[in-house]
Each structure stands twice: as C-alpha cells, then as structure tokens.
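Source file: structure.cif; contents: mmCIF, C-alpha atoms.
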data_protein
#
loop_
_atom_site.group_PDB
_atom_site.id
_atom_site.type_symbol
_atom_site.label_atom_id
_atom_site.label_comp_id
_atom_site.auth_asym_id
_atom_site.auth_seq_id
_atom_site.Cartn_x
_atom_site.Cartn_y
_atom_site.Cartn_z
ATOM 1 C CA MET A 115 -35.549 46.667 -66.709
ATOM 2 C CA LYS A 116 -32.469 47.212 -64.584
ATOM 3 C CA THR A 117 -30.990 44.567 -62.284
ATOM 4 C CA TYR A 118 -29.629 45.703 -58.902
ATOM 5 C CA SER A 119 -27.030 43.504 -57.243
ATOM 6 C CA ALA A 120 -26.397 43.334 -53.498
ATOM 7 C CA GLN A 121 -23.520 45.774 -54.005
ATOM 8 C CA ASP A 122 -25.817 48.150 -55.909
ATOM 9 C CA VAL A 123 -28.252 48.076 -52.989
ATOM 10 C CA ARG A 124 -25.513 48.768 -50.445
ATOM 11 C CA GLN A 125 -24.149 51.659 -52.466
ATOM 12 C CA GLY A 126 -27.520 53.074 -53.462
ATOM 13 C CA LEU A 127 -29.316 53.127 -50.109
ATOM 14 C CA ASP A 128 -27.648 55.593 -47.778
ATOM 15 C CA TRP A 129 -28.879 55.067 -44.199
ATOM 16 C CA PRO A 130 -30.332 58.556 -43.582
ATOM 17 C CA VAL A 131 -32.036 58.516 -46.996
ATOM 18 C CA LEU A 132 -33.513 55.057 -46.396
ATOM 19 C CA ILE A 133 -34.742 55.923 -42.897
ATOM 20 C CA ALA A 134 -36.365 59.093 -44.239
ATOM 21 C CA ALA A 135 -38.057 57.094 -47.025
ATOM 22 C CA LEU A 136 -39.426 54.601 -44.495
ATOM 23 C CA LYS A 137 -40.670 57.374 -42.225
ATOM 24 C CA THR A 138 -42.569 58.967 -45.110
ATOM 25 C CA ALA A 139 -44.015 55.626 -46.224
ATOM 26 C CA PHE A 140 -45.208 54.708 -42.727
ATOM 27 C CA ALA A 141 -46.745 58.146 -42.262
ATOM 28 C CA LYS A 142 -48.579 58.073 -45.616
ATOM 29 C CA GLY A 143 -49.300 54.349 -45.837
ATOM 30 C CA VAL A 144 -49.477 51.923 -48.772
ATOM 31 C CA GLU A 145 -51.641 48.961 -49.717
ATOM 32 C CA ALA A 146 -49.886 45.963 -48.160
ATOM 33 C CA PRO A 147 -51.833 42.738 -47.525
ATOM 34 C CA LEU A 148 -50.541 40.462 -44.764
ATOM 35 C CA ARG A 149 -47.776 38.358 -46.255
ATOM 36 C CA GLN A 150 -48.413 34.765 -47.216
ATOM 37 C CA HIS A 151 -46.265 32.304 -45.285
ATOM 38 C CA LEU A 152 -46.179 28.815 -46.817
ATOM 39 C CA HIS A 153 -44.375 25.715 -45.612
ATOM 40 C CA VAL A 154 -42.790 24.157 -48.707
ATOM 41 C CA GLY A 155 -40.199 21.731 -47.370
ATOM 42 C CA GLY A 156 -42.375 18.678 -46.790
ATOM 43 C CA ASP A 157 -41.698 16.350 -43.877
ATOM 44 C CA ALA A 158 -37.937 16.125 -44.243
ATOM 45 C CA ILE A 159 -36.961 19.777 -44.780
ATOM 46 C CA ASN A 160 -37.930 22.894 -42.834
ATOM 47 C CA GLY A 161 -38.561 25.115 -45.855
ATOM 48 C CA ASN A 162 -40.661 28.289 -45.960
ATOM 49 C CA LEU A 163 -41.860 30.535 -48.804
ATOM 50 C CA LEU A 164 -43.013 34.105 -48.109
ATOM 51 C CA LEU A 165 -44.896 36.295 -50.608
ATOM 52 C CA MET A 166 -44.942 40.026 -49.812
ATOM 53 C CA PRO A 167 -46.787 42.389 -52.204
ATOM 54 C CA ALA A 168 -47.403 46.120 -51.767
ATOM 55 C CA TRP A 169 -48.478 49.010 -53.966
ATOM 56 C CA GLN A 170 -49.180 52.720 -54.139
ATOM 57 C CA PRO A 171 -52.126 53.069 -56.545
ATOM 58 C CA GLY A 172 -50.965 54.766 -59.733
ATOM 59 C CA GLN A 173 -47.357 54.980 -58.545
ATOM 60 C CA HIS A 174 -45.502 51.733 -57.815
ATOM 61 C CA ILE A 175 -46.187 48.021 -57.348
ATOM 62 C CA GLY A 176 -43.712 45.644 -55.758
ATOM 63 C CA VAL A 177 -43.495 42.052 -54.635
ATOM 64 C CA LYS A 178 -40.835 40.127 -52.765
ATOM 65 C CA LEU A 179 -40.368 36.355 -52.948
ATOM 66 C CA VAL A 180 -38.478 34.896 -49.986
ATOM 67 C CA THR A 181 -37.349 31.410 -49.025
ATOM 68 C CA VAL A 182 -36.319 30.641 -45.438
ATOM 69 C CA PHE A 183 -34.455 27.399 -44.685
ATOM 70 C CA PRO A 184 -33.213 27.735 -41.063
ATOM 71 C CA GLU A 185 -30.996 24.618 -41.205
ATOM 72 C CA ASN A 186 -28.951 26.027 -44.087
ATOM 73 C CA ASP A 187 -26.174 27.039 -41.704
ATOM 74 C CA GLN A 188 -25.401 23.315 -41.462
ATOM 75 C CA ARG A 189 -25.037 23.256 -45.245
ATOM 76 C CA GLY A 190 -22.850 26.334 -45.462
ATOM 77 C CA LEU A 191 -25.632 28.300 -47.143
ATOM 78 C CA PRO A 192 -27.588 31.448 -46.174
ATOM 79 C CA ALA A 193 -30.839 30.741 -44.313
ATOM 80 C CA VAL A 194 -32.728 33.324 -46.374
ATOM 81 C CA ALA A 195 -32.821 33.936 -50.145
ATOM 82 C CA SER A 196 -35.034 36.458 -51.913
ATOM 83 C CA VAL A 197 -35.653 38.662 -54.929
ATOM 84 C CA TYR A 198 -37.699 41.864 -55.286
ATOM 85 C CA THR A 199 -39.465 43.113 -58.410
ATOM 86 C CA LEU A 200 -40.597 46.734 -58.733
ATOM 87 C CA PHE A 201 -43.265 47.673 -61.306
ATOM 88 C CA ASP A 202 -44.536 50.988 -62.621
ATOM 89 C CA GLY A 203 -47.957 51.515 -61.060
ATOM 90 C CA LYS A 204 -49.262 53.431 -64.077
ATOM 91 C CA ASN A 205 -48.655 50.789 -66.757
ATOM 92 C CA GLY A 206 -47.400 47.640 -65.034
ATOM 93 C CA THR A 207 -43.989 47.576 -66.706
ATOM 94 C CA ILE A 208 -41.018 46.282 -64.724
ATOM 95 C CA ILE A 209 -38.717 48.985 -63.359
ATOM 96 C CA GLY A 210 -36.161 46.792 -61.655
ATOM 97 C CA GLN A 211 -35.193 43.389 -60.320
ATOM 98 C CA ILE A 212 -33.433 43.816 -56.967
ATOM 99 C CA ASP A 213 -31.361 41.527 -54.767
ATOM 100 C CA GLY A 214 -33.926 40.781 -52.069
ATOM 101 C CA GLY A 215 -31.510 39.675 -49.375
ATOM 102 C CA GLU A 216 -29.624 42.952 -49.216
ATOM 103 C CA LEU A 217 -32.800 44.994 -49.653
ATOM 104 C CA THR A 218 -34.409 43.116 -46.750
ATOM 105 C CA ALA A 219 -31.397 43.398 -44.479
ATOM 106 C CA ARG A 220 -31.075 47.138 -45.031
ATOM 107 C CA ARG A 221 -34.772 47.993 -44.768
ATOM 108 C CA THR A 222 -35.110 45.775 -41.672
ATOM 109 C CA ALA A 223 -32.229 47.502 -39.942
ATOM 110 C CA ALA A 224 -33.455 50.930 -41.017
ATOM 111 C CA ALA A 225 -36.969 50.231 -39.677
ATOM 112 C CA SER A 226 -35.542 49.241 -36.299
ATOM 113 C CA VAL A 227 -33.415 52.355 -36.091
ATOM 114 C CA LEU A 228 -36.344 54.494 -37.251
ATOM 115 C CA ALA A 229 -38.297 53.061 -34.295
ATOM 116 C CA ALA A 230 -35.325 53.666 -32.015
ATOM 117 C CA THR A 231 -35.310 57.376 -32.887
ATOM 118 C CA PHE A 232 -38.653 57.501 -31.058
ATOM 119 C CA LEU A 233 -37.991 54.875 -28.383
ATOM 120 C CA ALA A 234 -34.298 54.859 -27.413
ATOM 121 C CA ARG A 235 -32.676 57.532 -25.285
ATOM 122 C CA THR A 236 -30.991 60.180 -27.401
ATOM 123 C CA ASN A 237 -27.844 59.718 -25.305
ATOM 124 C CA ALA A 238 -27.715 55.932 -25.799
ATOM 125 C CA ARG A 239 -24.058 54.995 -26.181
ATOM 126 C CA ASN A 240 -23.768 51.245 -25.470
ATOM 127 C CA LEU A 241 -25.198 49.048 -28.263
ATOM 128 C CA VAL A 242 -25.486 45.265 -27.908
ATOM 129 C CA ILE A 243 -26.233 43.101 -30.966
ATOM 130 C CA LEU A 244 -27.319 39.485 -30.433
ATOM 131 C CA GLY A 245 -26.660 37.497 -33.593
ATOM 132 C CA THR A 246 -24.014 37.640 -36.305
ATOM 133 C CA GLY A 247 -25.862 37.265 -39.612
ATOM 134 C CA ARG A 248 -26.475 39.742 -42.414
ATOM 135 C CA VAL A 249 -29.245 41.579 -40.581
ATOM 136 C CA SER A 250 -27.056 41.862 -37.468
ATOM 137 C CA LYS A 251 -24.327 43.440 -39.568
ATOM 138 C CA ASN A 252 -26.754 45.986 -40.988
ATOM 139 C CA LEU A 253 -28.234 46.719 -37.558
ATOM 140 C CA ALA A 254 -24.764 47.491 -36.209
ATOM 141 C CA GLN A 255 -23.989 49.752 -39.161
ATOM 142 C CA THR A 256 -27.289 51.629 -39.007
ATOM 143 C CA TYR A 257 -27.298 52.220 -35.266
ATOM 144 C CA CYS A 258 -23.695 53.419 -35.375
ATOM 145 C CA ALA A 259 -24.536 55.755 -38.275
ATOM 146 C CA ILE A 260 -27.514 57.379 -36.509
ATOM 147 C CA PHE A 261 -26.630 57.177 -32.798
ATOM 148 C CA ALA A 262 -23.334 58.273 -31.209
ATOM 149 C CA ILE A 263 -22.407 54.732 -30.161
ATOM 150 C CA ASP A 264 -19.258 54.530 -28.023
ATOM 151 C CA LYS A 265 -19.284 50.778 -27.362
ATOM 152 C CA LEU A 266 -20.575 48.042 -29.670
ATOM 153 C CA THR A 267 -20.863 44.542 -28.225
ATOM 154 C CA LEU A 268 -21.370 41.648 -30.646
ATOM 155 C CA CYS A 269 -22.824 38.521 -29.037
ATOM 156 C CA SER A 270 -22.892 35.016 -30.452
ATOM 157 C CA ARG A 271 -22.787 31.486 -29.123
ATOM 158 C CA SER A 272 -19.745 31.189 -31.407
ATOM 159 C CA LEU A 273 -16.977 33.610 -30.516
ATOM 160 C CA ASP A 274 -15.375 32.946 -33.901
ATOM 161 C CA LYS A 275 -18.529 34.244 -35.635
ATOM 162 C CA ALA A 276 -18.617 37.340 -33.435
ATOM 163 C CA ASP A 277 -14.941 38.022 -34.124
ATOM 164 C CA ALA A 278 -15.483 37.561 -37.868
ATOM 165 C CA LEU A 279 -18.363 40.063 -37.837
ATOM 166 C CA ALA A 280 -16.264 42.562 -35.886
ATOM 167 C CA LYS A 281 -13.536 42.267 -38.486
ATOM 168 C CA GLU A 282 -16.050 42.687 -41.307
ATOM 169 C CA LEU A 283 -17.613 45.779 -39.711
ATOM 170 C CA GLY A 284 -14.310 47.542 -39.127
ATOM 171 C CA PRO A 285 -13.940 50.544 -36.812
ATOM 172 C CA ILE A 286 -17.576 51.730 -36.841
ATOM 173 C CA ALA A 287 -17.480 52.455 -33.090
ATOM 174 C CA PRO A 288 -14.668 53.588 -30.759
ATOM 175 C CA SER A 289 -14.878 50.271 -28.889
ATOM 176 C CA ILE A 290 -16.004 46.908 -30.300
ATOM 177 C CA VAL A 291 -16.266 43.903 -27.980
ATOM 178 C CA THR A 292 -17.116 40.279 -28.853
ATOM 179 C CA THR A 293 -18.549 37.825 -26.353
ATOM 180 C CA THR A 294 -20.560 34.659 -25.776
ATOM 181 C CA ASP A 295 -21.902 36.019 -22.458
ATOM 182 C CA PHE A 296 -25.361 37.289 -23.455
ATOM 183 C CA ALA A 297 -26.486 38.049 -19.890
ATOM 184 C CA SER A 298 -23.530 40.255 -19.028
ATOM 185 C CA ALA A 299 -23.802 42.176 -22.311
ATOM 186 C CA VAL A 300 -27.566 42.731 -21.981
ATOM 187 C CA SER A 301 -27.263 43.967 -18.402
ATOM 188 C CA ASP A 302 -24.847 46.703 -19.510
ATOM 189 C CA ALA A 303 -26.727 47.875 -22.623
ATOM 190 C CA ASP A 304 -28.470 51.107 -23.557
ATOM 191 C CA ILE A 305 -29.854 49.430 -26.704
ATOM 192 C CA VAL A 306 -30.232 45.667 -27.199
ATOM 193 C CA SER A 307 -30.942 44.550 -30.764
ATOM 194 C CA THR A 308 -31.608 40.897 -31.577
ATOM 195 C CA ALA A 309 -31.517 39.165 -34.962
ATOM 196 C CA THR A 310 -31.495 35.432 -34.323
ATOM 197 C CA LEU A 311 -33.597 32.367 -35.118
ATOM 198 C CA SER A 312 -33.949 31.473 -31.442
ATOM 199 C CA LYS A 313 -36.977 29.571 -30.181
ATOM 200 C CA THR A 314 -36.255 30.381 -26.529
ATOM 201 C CA PRO A 315 -35.789 33.829 -24.937
ATOM 202 C CA ILE A 316 -32.281 35.248 -25.110
ATOM 203 C CA VAL A 317 -33.163 38.664 -23.633
ATOM 204 C CA LEU A 318 -34.285 38.415 -20.004
ATOM 205 C CA GLY A 319 -36.203 41.378 -18.645
ATOM 206 C CA ASP A 320 -34.775 41.071 -15.140
ATOM 207 C CA LEU A 321 -31.330 41.891 -16.558
ATOM 208 C CA LEU A 322 -32.350 45.195 -18.172
ATOM 209 C CA ARG A 323 -31.287 48.382 -16.500
ATOM 210 C CA PRO A 324 -33.596 51.434 -16.444
ATOM 211 C CA GLY A 325 -33.686 53.339 -19.720
ATOM 212 C CA THR A 326 -32.811 50.375 -21.957
ATOM 213 C CA HIS A 327 -34.410 50.009 -25.376
ATOM 214 C CA VAL A 328 -34.980 46.453 -26.641
ATOM 215 C CA ASP A 329 -35.224 45.929 -30.412
ATOM 216 C CA LEU A 330 -36.535 42.461 -31.312
ATOM 217 C CA VAL A 331 -36.007 41.548 -34.960
ATOM 218 C CA GLY A 332 -35.452 37.824 -35.353
ATOM 219 C CA SER A 333 -38.669 36.004 -34.445
ATOM 220 C CA PHE A 334 -40.831 35.761 -37.578
ATOM 221 C CA ARG A 335 -42.843 32.642 -36.644
ATOM 222 C CA THR A 336 -45.104 31.828 -33.718
ATOM 223 C CA ASP A 337 -42.659 29.170 -32.448
ATOM 224 C CA MET A 338 -39.784 31.655 -32.295
ATOM 225 C CA ARG A 339 -39.075 33.934 -29.360
ATOM 226 C CA GLU A 340 -36.215 36.238 -28.323
ATOM 227 C CA ALA A 341 -37.632 38.084 -25.257
ATOM 228 C CA ASP A 342 -39.142 36.654 -22.091
ATOM 229 C CA ASP A 343 -42.319 37.880 -20.384
ATOM 230 C CA ALA A 344 -40.358 40.159 -18.062
ATOM 231 C CA VAL A 345 -39.150 42.281 -20.998
ATOM 232 C CA LEU A 346 -42.749 43.092 -21.945
ATOM 233 C CA THR A 347 -44.030 43.593 -18.392
ATOM 234 C CA ARG A 348 -41.125 45.827 -17.392
ATOM 235 C CA ALA A 349 -41.670 47.844 -20.573
ATOM 236 C CA GLY A 350 -45.376 48.157 -19.787
ATOM 237 C CA GLY A 351 -46.213 46.991 -23.300
ATOM 238 C CA ILE A 352 -44.560 46.849 -26.686
ATOM 239 C CA PHE A 353 -44.313 48.912 -29.871
ATOM 240 C CA VAL A 354 -44.584 47.090 -33.214
ATOM 241 C CA ASP A 355 -43.979 47.742 -36.882
ATOM 242 C CA THR A 356 -47.551 46.707 -37.774
ATOM 243 C CA PHE A 357 -50.348 45.590 -35.468
ATOM 244 C CA GLU A 358 -51.630 42.913 -37.829
ATOM 245 C CA GLY A 359 -48.298 41.261 -38.516
ATOM 246 C CA ALA A 360 -46.919 41.396 -34.978
ATOM 247 C CA SER A 361 -50.091 40.076 -33.360
ATOM 248 C CA LYS A 362 -50.191 37.014 -35.625
ATOM 249 C CA GLU A 363 -46.694 36.120 -36.815
ATOM 250 C CA THR A 364 -44.234 36.186 -33.905
ATOM 251 C CA GLY A 365 -43.948 34.153 -30.749
ATOM 252 C CA ASP A 366 -42.630 37.242 -28.976
ATOM 253 C CA ILE A 367 -46.249 38.446 -29.044
ATOM 254 C CA THR A 368 -48.459 35.401 -29.571
ATOM 255 C CA ILE A 369 -46.960 33.247 -26.792
ATOM 256 C CA PRO A 370 -47.345 35.767 -23.928
ATOM 257 C CA MET A 371 -50.709 36.845 -25.343
ATOM 258 C CA ALA A 372 -51.987 33.251 -25.304
ATOM 259 C CA ALA A 373 -50.764 32.908 -21.722
ATOM 260 C CA GLY A 374 -52.571 36.089 -20.677
ATOM 261 C CA THR A 375 -49.356 37.909 -19.773
ATOM 262 C CA ILE A 376 -50.226 40.648 -22.277
ATOM 263 C CA THR A 377 -53.343 41.629 -24.215
ATOM 264 C CA ARG A 378 -54.008 43.448 -27.475
ATOM 265 C CA ASP A 379 -53.952 46.688 -25.450
ATOM 266 C CA SER A 380 -50.329 45.900 -24.579
ATOM 267 C CA LEU A 381 -49.416 46.754 -28.180
ATOM 268 C CA LEU A 382 -48.939 50.451 -27.487
ATOM 269 C CA ALA A 383 -48.430 51.830 -30.993
ATOM 270 C CA ASP A 384 -47.174 50.866 -34.415
ATOM 271 C CA LEU A 385 -44.571 52.615 -36.543
ATOM 272 C CA ALA A 386 -47.235 54.467 -38.513
ATOM 273 C CA MET A 387 -48.546 56.048 -35.306
ATOM 274 C CA LEU A 388 -45.046 57.016 -34.241
ATOM 275 C CA CYS A 389 -44.232 58.517 -37.649
ATOM 276 C CA ARG A 390 -47.523 60.460 -37.732
ATOM 277 C CA GLY A 391 -46.964 61.820 -34.234
ATOM 278 C CA GLU A 392 -49.981 59.963 -32.855
ATOM 279 C CA HIS A 393 -47.839 58.489 -30.078
ATOM 280 C CA SER A 394 -44.785 60.198 -28.619
ATOM 281 C CA GLY A 395 -42.840 56.988 -27.978
ATOM 282 C CA ARG A 396 -40.487 57.043 -24.990
ATOM 283 C CA GLN A 397 -42.115 58.575 -21.922
ATOM 284 C CA SER A 398 -39.091 59.082 -19.639
ATOM 285 C CA GLU A 399 -35.323 58.647 -19.432
ATOM 286 C CA THR A 400 -35.708 55.665 -17.095
ATOM 287 C CA ALA A 401 -38.444 53.824 -19.011
ATOM 288 C CA ILE A 402 -37.672 50.473 -20.582
ATOM 289 C CA THR A 403 -38.986 50.353 -24.153
ATOM 290 C CA ALA A 404 -39.478 47.391 -26.465
ATOM 291 C CA PHE A 405 -40.029 47.242 -30.223
ATOM 292 C CA LYS A 406 -40.943 44.131 -32.208
ATOM 293 C CA SER A 407 -40.665 43.999 -35.984
ATOM 294 C CA VAL A 408 -41.785 41.154 -38.216
ATOM 295 C CA GLY A 409 -41.300 43.068 -41.440
ATOM 296 C CA THR A 410 -43.849 44.531 -43.788
ATOM 297 C CA ALA A 411 -44.030 44.860 -47.550
ATOM 298 C CA LEU A 412 -44.339 48.621 -47.069
ATOM 299 C CA GLU A 413 -40.664 48.694 -46.083
ATOM 300 C CA ASP A 414 -39.561 46.775 -49.170
ATOM 301 C CA LEU A 415 -41.559 49.024 -51.477
ATOM 302 C CA ALA A 416 -40.234 52.210 -49.879
ATOM 303 C CA ALA A 417 -36.653 50.927 -50.084
ATOM 304 C CA ALA A 418 -37.022 49.806 -53.713
ATOM 305 C CA VAL A 419 -38.522 53.136 -54.758
ATOM 306 C CA ALA A 420 -35.721 55.033 -52.981
ATOM 307 C CA LEU A 421 -33.069 52.804 -54.582
ATOM 308 C CA THR A 422 -34.366 53.274 -58.129
ATOM 309 C CA ALA A 423 -35.240 56.977 -57.803
ATOM 310 C CA SER A 424 -32.003 58.279 -59.339
ATOM 311 C CA ASP A 425 -32.301 55.936 -62.330
ATOM 312 C CA ARG A 426 -35.874 57.096 -62.937
ATOM 313 C CA ALA A 427 -35.086 60.805 -62.578
#
Let's see the structure in the file written out as structure tokens.
Amino acid sequence: MKTYSAQDVRQGLDWPVLIAALKTAFAKGVEAPLRQHLHVGGDAINGNLLLMPAWQPGQHIGVKLVTVFPENDQRGLPAVASVYTLFDGKNGTIIGQIDGGELTARRTAAASVLAATFLARTNARNLVILGTGRVSKNLAQTYCAIFAIDKLTLCSRSLDKADALAKELGPIAPSIVTTTDFASAVSDADIVSTATLSKTPIVLGDLLRPGTHVDLVGSFRTDMREADDAVLTRAGGIFVDTFEGASKETGDITIPMAAGTITRDSLLADLAMLCRGEHSGRQSETAITAFKSVGTALEDLAAAVALTASDRA
C-alpha cells in the first residue's frame, strides 16, 4: 500500500487529466450510494461525519471518511479533515491511502470547471471567487488553467484573508483583485464561484448580468445557502452534479423547493447528462446559468484512480 500526501495529490493530478477522468466517470457511471451524513458532535459541538463509498465492479473500490467541524476556524484548525482509501476491485487489497482533503479540494474544483465547460461562455474572462479556503484556492487555479481568465476577483469578509490567498496563488491571472464588496464583484462577473459555509444567500440574482455562470459549491447541508431565489428563477432552473444528492442535501435546492419557488423539473440536467451529450448545457450567450454541486463519491473514485494510475502501470 502506498500513502499519498497532500503534496503527492497536487503534483499527481494535473487539471486537464483530472477533468478528463471525471468526464469519463460521469459518462460511464459507477456504483455510488448516497453518502451517509452523521452528526457526531453532541449538544456542545457542531461535528459531522460523512461516509462516501463508490466502486466499479471488478475494477476499483474506494471510500472517503470526512469530518466537518465548521467552528474550527475559531480554533485555528481546518473545518474539514478526511482520508481516502482505494482498493483493488478484483481482490480487495488496498492500493493506496490518500490525503482526503487535497483529493476533495481538487476533484471538487475540477467537477465545477467540468460543468463550466458546458455552462459558461467560452469567452468568459472575469472570474469572481467568494470564499478563501482550500476549495476556493483550487477553484481559482482550475478556472484559470482551463479558461482564459483576464481578471480574478477574490472576495472575503476579511480582506486580510483575500490578500493572503492572492499571495498564495501568485500570478495565475493578468489581474488579481481582492475585496470585501461581494455585490460589486458579482455584478461585474462572467463566472461567479462560491465556496463558503454561509447560511444566508451571498449571490443575489438581481445583480447578475446577462451571460453570467453561477457555480455554487459551498452549501452541503439543508440549512446552508449561497444563492437567493432570483439566481434560480433568472437562470430558468439549475444544473447539478447528481439529482439525488442535490435534491436532498443542500439548502440551495431544498429551501426554494419547499417554498414552491422551484420544482423537481427545475433541475435541468446533471453532470452525467452533460457528459453523455444528453443535454447541451448553455442555450445562448445571454443566458444566466447555475450549477450546484454537493459532491459525489464518483468524483473521489475517479480522482483516486487517476492519481494512482502511474504507480499501477
């Protein structure tokens, strides 16, 4: 069994290779039960445990264990910790133990940008990232690697955090701007990508200009929400990574659905449909598009298999 550190994951998963692996996996499909989401903190601590298995019969088996403690920023610790184990699907032996945090951040960002290749305008140049955590960093890197981004705007309620992320990213775009003014940044964006733990909308649909693509990543519980109703109504619906996960796990979908603002028919297509060519994605240059991801074990498995491929060759 080989152990893959966060640095190994960063070095071993090139963005185009990872996006291609995800596209193939979504098109072909894997066995991936809906993840188990358990509250484990008791009354005093907001602690969550996620179990995410997936397998390709006779090929590979994988499972990710994740803890989410949102208040960890007050303790100077990461909010999310995880580990991924990849098994041989023919005999059950362990192939590798992988740093789950870096694997998750990279596959999450790659899935969003995979969706954006179908949903964002090909001439999108102005990218706005809301949030400054690990996933935000990877989103900025992936979008700038795949799209010809001229201006990258990093938004945070803490300008110091936005400035620190800009310094960490380096010159990945010709212009990098940091700000605490979410509304102004969103109103000037071609692509808005969010990776926060917000419980109230931070992307307001009335601010979006025609042709904007909205990429909602952060909300993974039904009490979390990053987009208001106007984002979904102006987009005429929403694309998702998986129908089952998105319709049950995120407040970005469940809250407006419970209110009757949207229905199940408002979920226009999932990533599998886009990757199989069953839906063409963006319909016009002026359309507003929205994509919501909650994550799926398929992405972890595809990323782990791609990471370990050279060692198994």
Excluding segment 159-166 of chain A and its own-chain neighbours fewer than 6 positions away, which residues fall within 9 Å of it when counting all atoms listed in the file? Please give them as a PyMOL selection string. chain A and resi 146-153+176-185+410-411+414
Let me see the file: selected residues, C-alpha atoms, as a PDB file, in the frame of the given file.
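The resulting again-v5.pdb:
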ATOM      1  CA  ALA A 146     -49.886  45.963 -48.160  1.00  0.00           C
ATOM      2  CA  PRO A 147     -51.833  42.738 -47.525  1.00  0.00           C
ATOM      3  CA  LEU A 148     -50.541  40.462 -44.764  1.00  0.00           C
ATOM      4  CA  ARG A 149     -47.776  38.358 -46.255  1.00  0.00           C
ATOM      5  CA  GLN A 150     -48.413  34.765 -47.216  1.00  0.00           C
ATOM      6  CA  HIS A 151     -46.265  32.304 -45.285  1.00  0.00           C
ATOM      7  CA  LEU A 152     -46.179  28.815 -46.817  1.00  0.00           C
ATOM      8  CA  HIS A 153     -44.375  25.715 -45.612  1.00  0.00           C
ATOM      9  CA  GLY A 176     -43.712  45.644 -55.758  1.00  0.00           C
ATOM     10  CA  VAL A 177     -43.495  42.052 -54.635  1.00  0.00           C
ATOM     11  CA  LYS A 178     -40.835  40.127 -52.765  1.00  0.00           C
ATOM     12  CA  LEU A 179     -40.368  36.355 -52.948  1.00  0.00           C
ATOM     13  CA  VAL A 180     -38.478  34.896 -49.986  1.00  0.00           C
ATOM     14  CA  THR A 181     -37.349  31.410 -49.025  1.00  0.00           C
ATOM     15  CA  VAL A 182     -36.319  30.641 -45.438  1.00  0.00           C
ATOM     16  CA  PHE A 183     -34.455  27.399 -44.685  1.00  0.00           C
ATOM     17  CA  PRO A 184     -33.213  27.735 -41.063  1.00  0.00           C
ATOM     18  CA  GLU A 185     -30.996  24.618 -41.205  1.00  0.00           C
ATOM     19  CA  THR A 410     -43.849  44.531 -43.788  1.00  0.00           C
ATOM     20  CA  ALA A 411     -44.030  44.860 -47.550  1.00  0.00           C
ATOM     21  CA  ASP A 414     -39.561  46.775 -49.170  1.00  0.00           C
TER      22      ASP A 414
END
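You can rank A:Leu127, A:Ala297, A:Cys389, A:Ile208 by their closest distance to Ser270 of chain A using all atoms listed in the file, and at the top of that list sits A:Ala297.
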Given the file above and the PyMOL selection byres ((chain A and resi 403) around 12), which residues are selected, and can you give them as a count of residues only? 46
Selection in question (the file shown): the PyMOL selection byres ((chain A and resi 139) around 12). Which residues does it include, as a count of residues only? 35
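The space between atom CA of Ala309 of chain A and atom CA of Asp157 of chain A spans 26.5 Å.
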Kindly resolve the PyMOL selection byres ((chain A and resi 287) around 12) on the present coordinates and return the residues as a ChimeraX atom specification. /A:239-242,254-268,280,283-286,288-291
Two-atom distance - atom CA of Gln125 of chain A, atom CA of Thr356 of chain A (Å): 28.1 Å
Name the residues, using the chain letters and numbers of the file, that sit within 10 Å of (-17.9, 38.2, -32.8) when counting only C-alpha atoms, and give them as a ChimeraX atom specification. /A:243-246,267-282,290-294
Could you save the residues just selected, with C-alpha atoms, as a CSV table (one decimal), in the frame of the given file?
chain,number,residue,atom,x,y,z
A,243,ILE,CA,-26.2,43.1,-31.0
A,244,LEU,CA,-27.3,39.5,-30.4
A,245,GLY,CA,-26.7,37.5,-33.6
A,246,THR,CA,-24.0,37.6,-36.3
A,267,THR,CA,-20.9,44.5,-28.2
A,268,LEU,CA,-21.4,41.6,-30.6
A,269,CYS,CA,-22.8,38.5,-29.0
A,270,SER,CA,-22.9,35.0,-30.5
A,271,ARG,CA,-22.8,31.5,-29.1
A,272,SER,CA,-19.7,31.2,-31.4
A,273,LEU,CA,-17.0,33.6,-30.5
A,274,ASP,CA,-15.4,32.9,-33.9
A,275,LYS,CA,-18.5,34.2,-35.6
A,276,ALA,CA,-18.6,37.3,-33.4
A,277,ASP,CA,-14.9,38.0,-34.1
A,278,ALA,CA,-15.5,37.6,-37.9
A,279,LEU,CA,-18.4,40.1,-37.8
A,280,ALA,CA,-16.3,42.6,-35.9
A,281,LYS,CA,-13.5,42.3,-38.5
A,282,GLU,CA,-16.0,42.7,-41.3
A,290,ILE,CA,-16.0,46.9,-30.3
A,291,VAL,CA,-16.3,43.9,-28.0
A,292,THR,CA,-17.1,40.3,-28.9
A,293,THR,CA,-18.5,37.8,-26.4
A,294,THR,CA,-20.6,34.7,-25.8
Restricting the calculation to all atoms listed in the file: of A:Val131, A:Leu321, A:Met115, A:Ala195, which residue gets closest to Gly210 of chain A? A:Met115
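Of the residues listed (A:Val194, A:Ile376, A:Val227, A:Ala158), A:Ile376 shows the shortest atom-to-atom separation from Ser361 of chain A; distances use all atoms listed in the file.
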